[in-house]
Each structure stands twice: as structure tokens, then as C-alpha cells.
file coords_35.cif (mmCIF, C-alpha atoms)
data_data
#
loop_
_atom_site.group_PDB
_atom_site.id
_atom_site.type_symbol
_atom_site.label_atom_id
_atom_site.label_comp_id
_atom_site.auth_asym_id
_atom_site.auth_seq_id
_atom_site.Cartn_x
_atom_site.Cartn_y
_atom_site.Cartn_z
ATOM 1 C CA MET A 1 -16.369 17.034 -21.628
ATOM 2 C CA PHE A 2 -17.953 14.854 -18.913
ATOM 3 C CA ASN A 3 -19.273 17.749 -16.848
ATOM 4 C CA ASN A 4 -22.875 17.376 -17.994
ATOM 5 C CA ILE A 5 -23.414 13.593 -17.871
ATOM 6 C CA GLY A 6 -25.598 13.647 -14.766
ATOM 7 C CA LEU A 7 -27.441 10.814 -13.041
ATOM 8 C CA PRO A 8 -29.585 9.727 -16.022
ATOM 9 C CA GLY A 9 -26.491 9.465 -18.200
ATOM 10 C CA LEU A 10 -24.654 7.379 -15.607
ATOM 11 C CA LEU A 11 -27.655 5.061 -15.262
ATOM 12 C CA LEU A 12 -27.800 4.643 -19.027
ATOM 13 C CA ILE A 13 -24.097 3.802 -19.151
ATOM 14 C CA ALA A 14 -24.522 1.275 -16.321
ATOM 15 C CA VAL A 15 -27.429 -0.428 -18.124
ATOM 16 C CA VAL A 16 -25.484 -0.623 -21.398
ATOM 17 C CA VAL A 17 -22.449 -2.127 -19.634
ATOM 18 C CA LEU A 18 -24.689 -4.632 -17.840
ATOM 19 C CA VAL A 19 -26.321 -5.686 -21.108
ATOM 20 C CA LEU A 20 -23.013 -5.998 -22.959
ATOM 21 C CA PHE A 21 -21.067 -7.920 -20.337
ATOM 22 C CA GLY A 22 -23.747 -9.649 -18.279
ATOM 23 C CA ARG A 23 -24.076 -9.841 -14.525
ATOM 24 C CA GLY A 24 -21.653 -12.751 -14.060
ATOM 25 C CA LYS A 25 -18.794 -11.131 -15.953
ATOM 26 C CA ILE A 26 -19.190 -7.816 -14.105
ATOM 27 C CA SER A 27 -19.348 -9.663 -10.794
ATOM 28 C CA SER A 28 -16.127 -11.532 -11.534
ATOM 29 C CA LEU A 29 -14.418 -8.323 -12.670
ATOM 30 C CA MET A 30 -15.399 -6.552 -9.453
ATOM 31 C CA GLY A 31 -14.116 -9.540 -7.479
ATOM 32 C CA GLU A 32 -10.763 -9.264 -9.240
ATOM 33 C CA VAL A 33 -10.658 -5.520 -8.550
ATOM 34 C CA GLY A 34 -11.331 -6.217 -4.878
ATOM 35 C CA LYS A 35 -8.536 -8.802 -4.744
ATOM 36 C CA GLY A 36 -6.184 -6.344 -6.407
ATOM 37 C CA ILE A 37 -6.988 -3.615 -3.901
ATOM 38 C CA THR A 38 -6.540 -6.044 -1.000
ATOM 39 C CA SER A 39 -3.211 -7.209 -2.397
ATOM 40 C CA PHE A 40 -2.072 -3.605 -2.872
ATOM 41 C CA LYS A 41 -2.961 -2.692 0.715
ATOM 42 C CA LYS A 42 -1.152 -5.798 2.006
ATOM 43 C CA GLY A 43 1.947 -4.858 0.002
ATOM 44 C CA ILE A 44 1.871 -1.320 1.385
ATOM 45 C CA ASN A 45 1.551 -2.620 4.954
ATOM 46 C CA ASP A 46 4.387 -5.131 4.459
ATOM 47 C CA GLY A 47 6.613 -2.404 3.045
ATOM 48 C CA GLN A 48 5.839 -0.147 5.993
ATOM 49 C CA LYS A 49 6.652 -2.981 8.430
ATOM 50 C CA GLU A 50 10.006 -3.534 6.687
ATOM 51 C CA LEU A 51 10.824 0.173 6.914
ATOM 52 C CA ASP A 52 9.881 0.219 10.596
ATOM 53 C CA ALA A 53 12.061 -2.864 11.212
ATOM 54 C CA GLU A 54 14.998 -1.212 9.427
ATOM 55 C CA ASP A 55 14.530 1.957 11.484
ATOM 56 C CA ALA A 56 14.406 -0.092 14.689
ATOM 57 C CA ALA A 57 17.597 -1.932 13.683
ATOM 58 C CA GLU A 58 19.363 1.377 12.983
ATOM 59 C CA VAL A 59 18.289 2.766 16.351
ATOM 60 C CA ALA A 60 19.441 -0.417 18.102
ATOM 61 C CA GLU A 61 22.810 -0.273 16.300
ATOM 62 C CA ALA A 62 23.275 3.373 17.243
ATOM 63 C CA ALA A 63 22.320 2.666 20.852
ATOM 64 C CA LYS A 64 24.781 -0.207 21.347
ATOM 65 C CA ASP A 65 27.890 1.785 22.170
ATOM 66 C CA ILE A 66 27.440 5.102 23.908
ATOM 67 C CA THR A 67 30.948 5.304 25.308
ATOM 68 C CA PRO A 68 32.734 8.442 24.119
ATOM 69 C CA GLU A 69 35.495 7.790 21.579
ATOM 70 C CA ALA A 70 38.164 9.288 23.838
ATOM 71 C CA GLU A 71 37.527 6.645 26.511
ATOM 72 C CA THR A 72 37.377 3.875 23.919
ATOM 73 C CA ASP A 73 40.808 4.906 22.614
ATOM 74 C CA LYS A 74 42.247 4.781 26.183
ATOM 75 C CA ASP A 75 40.948 1.228 26.667
ATOM 76 C CA LYS A 76 42.629 0.071 23.442
ATOM 77 C CA ALA A 77 46.014 1.559 24.338
#

call {"tool": "encode", "arguments": {"input": "coords_35.cif", "output": "C-alpha cells"}}
result
Amino acid sequence: MFNNIGLPGLLLIAVVVLVLFGRGKISSLMGEVGKGITSFKKGINDGQKELDAEDAAEVAEAAKDITPEAETDKDKA
């Protein structure tokens, strides 16, 4: 359906949108889109940091006691 729009068609669409909404409205919309993308990236990075922290905590927990269970049982008895 949109395979044959081409460059002239895209330019025409851009001009129509500019006329309908005006430069200020489009500028503010693009600013909001930019803020949304920035917020999304920040959320992704925060989530990755939390996952890395959880992985580090699991590794630290697993590394605390490396004594074999047989020796641990002897110490308790």
C-alpha cells in the first residue's frame, strides 16, 4: 500500500502536517517524543543495573560458605 509513496509524496505529507499543526506544535510534540525516549532508555538502564545487582548478590551469597557439607556436619556434632 505504501510502497510507491516516494520522496515527493513524503514531502507533500510533511508540508500538509506542518500547515495543519504549525511549527510550534510539531516542535513541542517532538520534544515530548524525545523526553519519552530518554525516559525509556533510563528505565531500561535502571532495570539492567537492578538485575546486575541481584546477580552480584546471588554470587556473593553462593560464595560465602564453600566448606563441604560433610565437614560442616562434623563441626555441629

call {"tool": "atom_distance", "arguments": {"input": "coords_35.cif", "atom1": "CA of Asp46 (chain A)", "atom2": "CA of Val59 (chain A)"}}
result
19.9 Å

call {"tool": "atom_distance", "arguments": {"input": "coords_35.cif", "atom1": "CA of Glu69 (chain A)", "atom2": "CA of Asp52 (chain A)"}}
result
28.9 Å

call {"tool": "atom_distance", "arguments": {"input": "coords_35.cif", "atom1": "CA of Ser28 (chain A)", "atom2": "CA of Pro8 (chain A)"}}
result
25.6 Å

call {"tool": "axis_aligned_box", "arguments": {"input": "coords_35.cif", "around": "region 26-35 of chain A", "padding_each_side": "6 Å", "output": "AutoDock Vina command-line options"}}
result
--center_x -13.9 --center_y -8.5 --center_z -9.4 --size_x 22.8 --size_y 18.0 --size_z 21.4
